[in-house]
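To keep things clear, I will list the structure first and then write my remarks on it.
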Amino acid sequence: MTHRAAIIFRDGLTQFIQVEQNEKLLDAAFRHGISLPLDCREGVCATCRGRCESGTIEMEYVDDEALSASELEQGYMLACQTRLTSPGSFYFDIDSSICNLSQQNYRGRVSALNMLSDTVATLEITLDEGSPELHYLPGQYARIQIPGSEESRAYSYASASAQSAVVRFLIRLLPSGLMSDYLRQRCQVGDSISFTAPFGAFYLREVKRPLLFVAGGTGLSAFLSMLESLAEQGDGGQPIALYYGVNRESEISELARLDALSQRLTHFSYQVVVVDPSAAWQGKKGWVTNALESHLLQQPFDAYLCGPPPMIEATCNWLSAQPVAEHQVYFERFVSS
């Protein structure tokens with residue numbers, strides 16, 4: 001039996017490998033060309049130290065000075081002593097360049113383009129036959145090459161992380177910009193397009209407690225990927241609350257997908273919050289933090305935030321100031337190119 005493992009580095013580059021039964025993670029990484037740092041190979045020096053973020057593992061000898069009991073409880077592991085008993089993901093606090101890695105290139109065709117409003121579009125890409133298998137963790141992103149230029153832009157996947165030849169992206173349209181102008185003026189179904197992937201340290205960890213998702217604008221994209229992956233693989237019975245903030249009603253998108261996900265995920269709910277609504281708007285108003293309720297966060301939870309920097313900062317400040325339970329915060333700032 002083999003297990004798939006995601007190896008995530010500090011700079012966001014991610015590699016997926018197959019680990020054979022009883023094979024140590026370090027050896028599997030080497031077999032796939034990933035030169036993880038090592039020294040003793042005996043569980044003593046901690047040079048190959050990483051953190052298991054999902055999955056189950058078994059470790060052989062680990063010296064007390066290599067990993068403390070507290071670190072073991074937090075999921076830290078030594079690659080030279082680790083065997084997988086399930087699929088898993090592992091974070092190493094080093095840059096991928098140290099391990100002689102580079103990103104994977106993919107080519108495909110534009111298979112759908114939907115202009116949802118004057119500020120939001122969805123782009124669907126179908127990979128060419130013969131392209132490498134595409135794997136990514138829900139919440140990660142790709143860098144899409146803008147046809148007709150040497151520039152690329154980063155966009156989170158808006159589709160499930162299961163292996164597929166078709167991927168979707170939710171894209172904010174700027175008043176002027178290389179990708180925005182391409183999508184508005186020149187993009188046609190059938191266009192050749194390429195991207196490099198996967199990237200990002202913002203991704204869904206193993207779900208063991210309730211989830212708080214806070215999305216700003218097209219930051220929703222990463223959560224669509226997470227939610228669709230949970231709908232396919234199971235949510236573990238944990239409550240999931242999504243707060244989706246936009247500036248104006250015209251920026252709201254993908255509500256039909258969210259409604260469909262509400263039917264597939266038993267414990268999922270969402271609210272839309274509009275900063276500057278029209279008189280006809282009947283939903284929540286103001287900043288997204290206006291809709292958060294501390295009494296719903298009275299047991300330990302994990303918070304995932306994705307959107308513009310002011311929203312990230314405001315939500316972190318709100319969580320710090322409110323009487324909420326112990327929690328871990330993961331975030332991705334969306335910054336315009």
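Chain labels A, B, ... are given in the sequence in which chains occur in the structure tokens; within each chain residues are numbered consecutively from 1, and ligands are likewise numbered from 1 in the order shown.
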
Please tabulate, as JSON lines, the residues of region 200-319 of chain A that come within 8 Å of region 107-129 of chain A, each with its closest pair of atoms and the distance in Å to one decimal, counting only C-alpha atoms and ordering rows by chain, then residue number upward.
{"residue": "A:Thr218", "atom": "CA", "partner": "A:Val120", "partner_atom": "CA", "distance": 7.6}
{"residue": "A:Ser250", "atom": "CA", "partner": "A:Ser117", "partner_atom": "CA", "distance": 6.4}
{"residue": "A:Glu251", "atom": "CA", "partner": "A:Thr119", "partner_atom": "CA", "distance": 6.2}
{"residue": "A:Ser253", "atom": "CA", "partner": "A:Leu116", "partner_atom": "CA", "distance": 6.8}

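Among the residues of region 253-305 of chain A, backbone DSSP assigns helix (DSSP H, G or I) to Leu255, Ala256, Arg257, Leu258, Asp259, Ala260, Leu261, Ser262, Gln263, Arg264, Val288, Thr289, Asn290, Ala291, Ser294, His295 and Leu296 of chain A.
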
Could you write out the selected residues, including N, CA and C atoms, as a compact mmCIF listing (two decimals), in the first residue's frame?
# COMPACT_ATOMS: atom_id res chain seq x y z
N LEU A 255 -23.09 32.51 -4.98
CA LEU A 255 -24.06 32.12 -3.95
C LEU A 255 -24.73 30.80 -4.27
N ALA A 256 -24.93 30.51 -5.55
CA ALA A 256 -25.54 29.23 -5.91
C ALA A 256 -24.65 28.07 -5.47
N ARG A 257 -23.33 28.24 -5.61
CA ARG A 257 -22.41 27.19 -5.17
C ARG A 257 -22.43 27.06 -3.66
N LEU A 258 -22.49 28.18 -2.96
CA LEU A 258 -22.55 28.12 -1.51
C LEU A 258 -23.85 27.46 -1.03
N ASP A 259 -24.95 27.75 -1.72
CA ASP A 259 -26.22 27.11 -1.35
C ASP A 259 -26.15 25.61 -1.59
N ALA A 260 -25.52 25.21 -2.70
CA ALA A 260 -25.38 23.78 -2.98
C ALA A 260 -24.49 23.11 -1.94
N LEU A 261 -23.44 23.79 -1.52
CA LEU A 261 -22.56 23.25 -0.50
C LEU A 261 -23.27 23.14 0.85
N SER A 262 -24.21 24.05 1.09
CA SER A 262 -25.00 23.97 2.33
C SER A 262 -25.83 22.70 2.38
N GLN A 263 -26.24 22.22 1.21
CA GLN A 263 -27.00 20.98 1.14
C GLN A 263 -26.10 19.76 1.30
N ARG A 264 -24.85 19.87 0.85
CA ARG A 264 -23.93 18.73 0.91
C ARG A 264 -23.21 18.63 2.25
N VAL A 288 -17.09 42.99 7.94
CA VAL A 288 -17.40 41.59 8.19
C VAL A 288 -17.34 41.27 9.68
N THR A 289 -16.51 41.96 10.43
CA THR A 289 -16.43 41.71 11.87
C THR A 289 -17.72 42.07 12.59
N ASN A 290 -18.56 42.92 11.95
CA ASN A 290 -19.84 43.28 12.57
C ASN A 290 -20.75 42.07 12.70
N ALA A 291 -20.52 41.07 11.85
CA ALA A 291 -21.40 39.90 11.84
C ALA A 291 -20.90 38.78 12.73
N SER A 294 -19.28 36.29 19.25
CA SER A 294 -18.36 35.59 20.15
C SER A 294 -19.02 34.41 20.86
N HIS A 295 -20.33 34.47 21.10
CA HIS A 295 -20.96 33.37 21.83
C HIS A 295 -20.99 32.08 21.03
N LEU A 296 -20.75 32.16 19.72
CA LEU A 296 -20.69 30.96 18.88
C LEU A 296 -19.29 30.35 18.87

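Among A:Ala79, A:Leu220, A:Ile252, A:Leu67, the residue with the shortest atom-to-atom distance to Gly50 (chain A), counting only C-alpha atoms, is A:Ala79.
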
List as number ranges by chain the protein and nucleic acid residues near Leu13 (chain A), meaning an atom at most 7 Å away when only C-alpha atoms are counted, but skip any in the same chain fewer than 4 places from it. A: 8-9, 96, 103, 198-200

Would you save the residues from that selection as a PDB file, in the first residue's frame, using N, CA and C atoms?
ATOM      1  N   ILE A   8       5.241  20.610   2.122  1.00  0.00           N
ATOM      2  CA  ILE A   8       5.060  22.059   1.972  1.00  0.00           C
ATOM      3  C   ILE A   8       6.266  22.779   2.567  1.00  0.00           C
ATOM      4  N   PHE A   9       6.787  23.762   1.817  1.00  0.00           N
ATOM      5  CA  PHE A   9       7.955  24.505   2.266  1.00  0.00           C
ATOM      6  C   PHE A   9       7.568  25.929   2.669  1.00  0.00           C
ATOM      7  N   SER A  96      12.187  25.967  -0.439  1.00  0.00           N
ATOM      8  CA  SER A  96      12.275  24.828  -1.348  1.00  0.00           C
ATOM      9  C   SER A  96      13.589  24.802  -2.115  1.00  0.00           C
ATOM     10  N   GLN A 103       9.134  24.885  -9.334  1.00  0.00           N
ATOM     11  CA  GLN A 103       7.708  24.681  -9.523  1.00  0.00           C
ATOM     12  C   GLN A 103       7.434  23.844 -10.762  1.00  0.00           C
ATOM     13  N   PRO A 198       1.997  23.773  -7.338  1.00  0.00           N
ATOM     14  CA  PRO A 198       1.143  24.575  -6.447  1.00  0.00           C
ATOM     15  C   PRO A 198       1.981  25.412  -5.499  1.00  0.00           C
ATOM     16  N   PHE A 199       1.381  26.472  -4.985  1.00  0.00           N
ATOM     17  CA  PHE A 199       2.044  27.378  -4.062  1.00  0.00           C
ATOM     18  C   PHE A 199       1.131  27.648  -2.868  1.00  0.00           C
ATOM     19  N   GLY A 200       1.731  28.121  -1.779  1.00  0.00           N
ATOM     20  CA  GLY A 200       0.943  28.649  -0.673  1.00  0.00           C
ATOM     21  C   GLY A 200       1.035  27.861   0.613  1.00  0.00           C
TER      22      GLY A 200
END

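Between Ala280 (chain A) and the residues A:Cys40, A:Pro239, A:Arg248, A:Val166, the shortest atom-to-atom distance, using only C-alpha atoms, involves A:Arg248.
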
In Å, how far is it from CA of Asp11 (chain A) to CA of Val246 (chain A)? 29.0 Å

Write out as a short mmCIF file (atom, residue, chain, number, x, y, z; two decimals) with C-alpha atoms, in the first residue's frame the residues lying within 8 Å of Val272 (chain A), counting only C-alpha atoms and excluding same-chain residues fewer than 2 positions away.
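result-v2.cif, freshly written:
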data_model
loop_
_atom_site.label_atom_id
_atom_site.label_comp_id
_atom_site.auth_asym_id
_atom_site.auth_seq_id
_atom_site.Cartn_x
_atom_site.Cartn_y
_atom_site.Cartn_z
CA TYR A 243 -18.55 35.05 6.79
CA TYR A 244 -18.24 36.56 3.31
CA GLY A 245 -17.63 40.31 3.14
CA VAL A 246 -17.85 42.54 0.06
CA TYR A 270 -22.72 31.23 5.67
CA VAL A 274 -21.95 44.25 2.60
CA GLY A 283 -28.70 41.16 4.90
CA LYS A 284 -25.85 42.03 7.26
#

Spatial neighbours of region 31-33 of chain A, max dist 10 Å, only C-alpha atoms, sep filter under 6 positions, as a ChimeraX atom specification: /A:15-19,25,99-101

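The residue set within 7 Å of region 303-308 of chain A, counting only C-alpha atoms and dropping same-chain residues fewer than 5 places from it, reads Leu211, Leu212, Phe213, Val214, Ala215, Gly216, Gly217, Gly219, His327, Gln328, Val329, Tyr330, Phe331, Glu332, Arg333, Phe334 and Val335 of chain A.
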
For Arg51 (chain A), the nearest of the candidates A:Glu23, A:Asp93, A:Glu133, A:Asp63, counting only C-alpha atoms: A:Asp93

DSSP on the backbone, then: every residue of region 64-187 of chain A marked strand (DSSP E or B), written as a VMD selection string. chain A and resid 76 to 78 82 to 84 88 to 92 104 to 115 120 to 127 141 to 145 152 to 157 166 to 172

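If you measure from each of A:Ser164, A:Ser194, A:Thr266, A:Asn105 to Gly236 (chain A) using only C-alpha atoms, the closest one turns out to be A:Thr266.
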
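Among the candidates A:Ser156, A:Gln81, A:Ser86, A:Ser70, the residue lying nearest to Ser221 (chain A) is A:Ser156 (atoms considered: only C-alpha atoms).
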
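For the pair CA of Ser152 (chain A) and CA of Gln188 (chain A), the separation is 18.1 Å.
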
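Ranking A:Thr315, A:Thr196, A:Gln282, A:Thr2 by their shortest atom-to-atom distance to Ser102 (chain A), with only C-alpha atoms included, puts A:Thr196 first.
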
From CA of Cys48 (chain A) to CA of Arg83 (chain A) the spacing works out at 13.7 Å
